[in-house]
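Colleague: Starting off with a structure, shown below.
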Amino acid sequence: DIQLTQSPSFLSASVGDRVTITCRASQDISSYLAWYQQEPGKAPKLLIYGASTLQSGVPSRFSGSGSGTDFTLTINSLQPEDFATYSCQQLYSYPQTFGQGTKVEIK
Amino acid sequence: EVQLVQSGAEMKKPGESLKISCKGSGYSFISYWIGWVRQMPGKGLEWMGIIYPGDSDTTYSPSFQGQVTFSADKSIFTAYLKWSSLQASDTAMYYCARRYCGGGRCLNAFDIWGQGTMVTVSS
């Protein structure tokens, strides 16, 4: 199985901050990576697919980059509604594993 | 509106069986695979497996192989997740989600998710 390791697991930030979350794969997954946002008590929501393509309707302050084994989700100018848990997922091979998640909390 | 609507919360006893559902609407049901994802209380997302409703082609995660069964009825746009004998450790939120694959290409993500079904197993 391909392992995805996110860092950090937890981060505290303020409104307006720029936030970067990384996702490292245990082997090359090309660009077969997605990022999701999950608010407490809600289903995950797709933010980024194909490592860097913004899903329709997602604010442009979210961006994704990377390929191979190292990927980054960046949130520019953090907004109050962005405080949530973010997870990456690889769709390169079965099982299509998720990272452990990164919780973004208000400082 | 494109959506996946899951069946309601369940409370069961260990050893009981259970089948939960995920109904698609607003899109061509057989153009998308349906994946199942477990989220145990306070934990991250776990990929359980995926089924193609068009022909019920299924792949299970090794962690869930033999523990659950996926099925689908394309005539009523519904996918199912079944347990034959529940354990307390099956207590979790279960999500279904869709992934487009067609014409030899796949969207590399689950773009629409159901609202989740909470399964509680306790004696």
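Each chain in the structure tokens gets a letter, A, B and so on, in the order shown; residues start at 1 in every chain, and ligands are counted from 1 in the order they appear.
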Please check the contacts: residues of chain A at most 7 Å away from chain B, using only C-alpha atoms, listed as a ChimeraX atom specification.
Modeller: /A:32-34,43-44,46,49-50,91,95-98,100-101
Colleague: Can you pull out the residues contacting B:Gly24? Cut-off 8 Å, using only C-alpha atoms, and skip same-chain residues under 4 positions away; I want them as a VMD selection string.
Modeller: chain B and resid 2 to 5 29 77 to 78
Colleague: Could you please take those selected residues and save C-alpha atoms as a PDB file, in the first residue's frame?
Modeller:
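Saved result, result_12.pdb, follows:
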```pdb
ATOM      1  CA  VAL B   2     -26.139  16.303  -8.067  1.00  0.00           C
ATOM      2  CA  GLN B   3     -26.125  14.455  -4.781  1.00  0.00           C
ATOM      3  CA  LEU B   4     -25.537  11.226  -2.951  1.00  0.00           C
ATOM      4  CA  VAL B   5     -28.030  10.595  -0.173  1.00  0.00           C
ATOM      5  CA  PHE B  29     -25.262   6.850 -12.075  1.00  0.00           C
ATOM      6  CA  PHE B  77     -29.269   4.332  -8.636  1.00  0.00           C
ATOM      7  CA  THR B  78     -28.231   2.887  -5.304  1.00  0.00           C
TER       8      THR B  78
END
```
Colleague: Please provide as a list in words all residues within 12 Å of A:Lys107, with the sequence filter that same-chain residues fewer than 3 positions apart are discarded (counting only C-alpha atoms).
Modeller: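 The residues satisfying every condition are Phe10, Leu11, Ser12, Ala13, Ser14, Val15, Gly16, Asp17, Leu78, Pro80, Phe83 and Val104 of chain A.
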Colleague: Output C-alpha atoms for every residue in the selection just made, as a short mmCIF file (atom, residue, chain, number, x, y, z; two decimals), in the first residue's frame.
Modeller:
```
data_model
loop_
_atom_site.label_atom_id
_atom_site.label_comp_id
_atom_site.auth_asym_id
_atom_site.auth_seq_id
_atom_site.Cartn_x
_atom_site.Cartn_y
_atom_site.Cartn_z
CA PHE A 10 -1.98 20.19 13.72
CA LEU A 11 -1.39 23.87 13.18
CA SER A 12 -2.57 27.03 14.82
CA ALA A 13 -2.96 30.10 12.62
CA SER A 14 -4.63 33.49 12.49
CA VAL A 15 -7.08 34.96 10.02
CA GLY A 16 -5.10 36.41 7.13
CA ASP A 17 -2.16 34.02 7.53
CA LEU A 78 -6.79 32.24 5.84
CA PRO A 80 -12.65 32.08 9.41
CA PHE A 83 -10.58 26.39 10.06
CA VAL A 104 -6.10 23.92 11.25
#
```
Colleague: Excluding same-chain residues fewer than 4 positions from B:Ser28, what lies within 12 Å of it counting only C-alpha atoms, as a PyMOL selection string?
Modeller: chain B and resi 2-3+23-24+32-33+53-54+74-78+98-102
Colleague: Store the residues picked out above in a file with C-alpha atoms, as a PDB file, in the first residue's frame.
Modeller:
```pdb
ATOM      1  CA  VAL B   2     -26.139  16.303  -8.067  1.00  0.00           C
ATOM      2  CA  GLN B   3     -26.125  14.455  -4.781  1.00  0.00           C
ATOM      3  CA  LYS B  23     -28.569   6.791  -3.601  1.00  0.00           C
ATOM      4  CA  GLY B  24     -27.348   8.948  -6.441  1.00  0.00           C
ATOM      5  CA  TYR B  32     -19.255   7.021 -11.870  1.00  0.00           C
ATOM      6  CA  TRP B  33     -17.651   4.616  -9.456  1.00  0.00           C
ATOM      7  CA  PRO B  53     -22.525   0.226 -10.486  1.00  0.00           C
ATOM      8  CA  GLY B  54     -22.576  -0.534 -14.211  1.00  0.00           C
ATOM      9  CA  LYS B  74     -28.208   0.477 -11.085  1.00  0.00           C
ATOM     10  CA  SER B  75     -31.959   0.374 -11.772  1.00  0.00           C
ATOM     11  CA  ILE B  76     -32.576   2.408  -8.617  1.00  0.00           C
ATOM     12  CA  PHE B  77     -29.269   4.332  -8.636  1.00  0.00           C
ATOM     13  CA  THR B  78     -28.231   2.887  -5.304  1.00  0.00           C
ATOM     14  CA  ARG B  98     -18.328   9.180  -6.433  1.00  0.00           C
ATOM     15  CA  ARG B  99     -15.426   9.151  -8.870  1.00  0.00           C
ATOM     16  CA  TYR B 100     -15.868   9.751 -12.595  1.00  0.00           C
ATOM     17  CA  CYS B 101     -14.251   7.331 -15.030  1.00  0.00           C
ATOM     18  CA  GLY B 102     -15.117   7.357 -18.704  1.00  0.00           C
TER      19      GLY B 102
END
```
Colleague: For A:Thr22, list every protein, DNA or RNA residue within 6 Å, evaluated using only C-alpha atoms, and leave out those in the same chain fewer than 2 positions away; present the list as a count of residues only.
Modeller: 4
Colleague: Considering only C-alpha atoms, return as a PyMOL selection string whatever protein or nucleic-acid residues lie within 7 Å of A:Phe62, sequence-local ones (same chain, fewer than 4 positions apart) excluded.
Modeller: chain A and resi 74-76
Colleague: Using Å and a single decimal, report how far atom CA of B:Gln67 sits from atom CA of A:Asp28.
Modeller: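 Computing it gives 29.6 Å between the two atoms.
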Colleague: Can you pull out the residues contacting B:Trp83? Cut-off 7 Å, using only C-alpha atoms, and skip same-chain residues under 3 positions away; I want them as a PDB file with C-alpha atoms, in the first residue's frame.
Modeller:
```pdb
ATOM      1  CA  SER B  17     -26.066  -7.767  10.210  1.00  0.00           C
ATOM      2  CA  LEU B  18     -26.533  -4.409   8.533  1.00  0.00           C
ATOM      3  CA  LYS B  19     -26.853  -2.947   5.054  1.00  0.00           C
ATOM      4  CA  GLN B  67     -15.238  -7.835   6.486  1.00  0.00           C
ATOM      5  CA  VAL B  68     -17.777  -6.017   4.303  1.00  0.00           C
ATOM      6  CA  THR B  69     -19.580  -6.481   1.010  1.00  0.00           C
ATOM      7  CA  LEU B  86     -20.967  -6.374  13.201  1.00  0.00           C
TER       8      LEU B  86
END
```
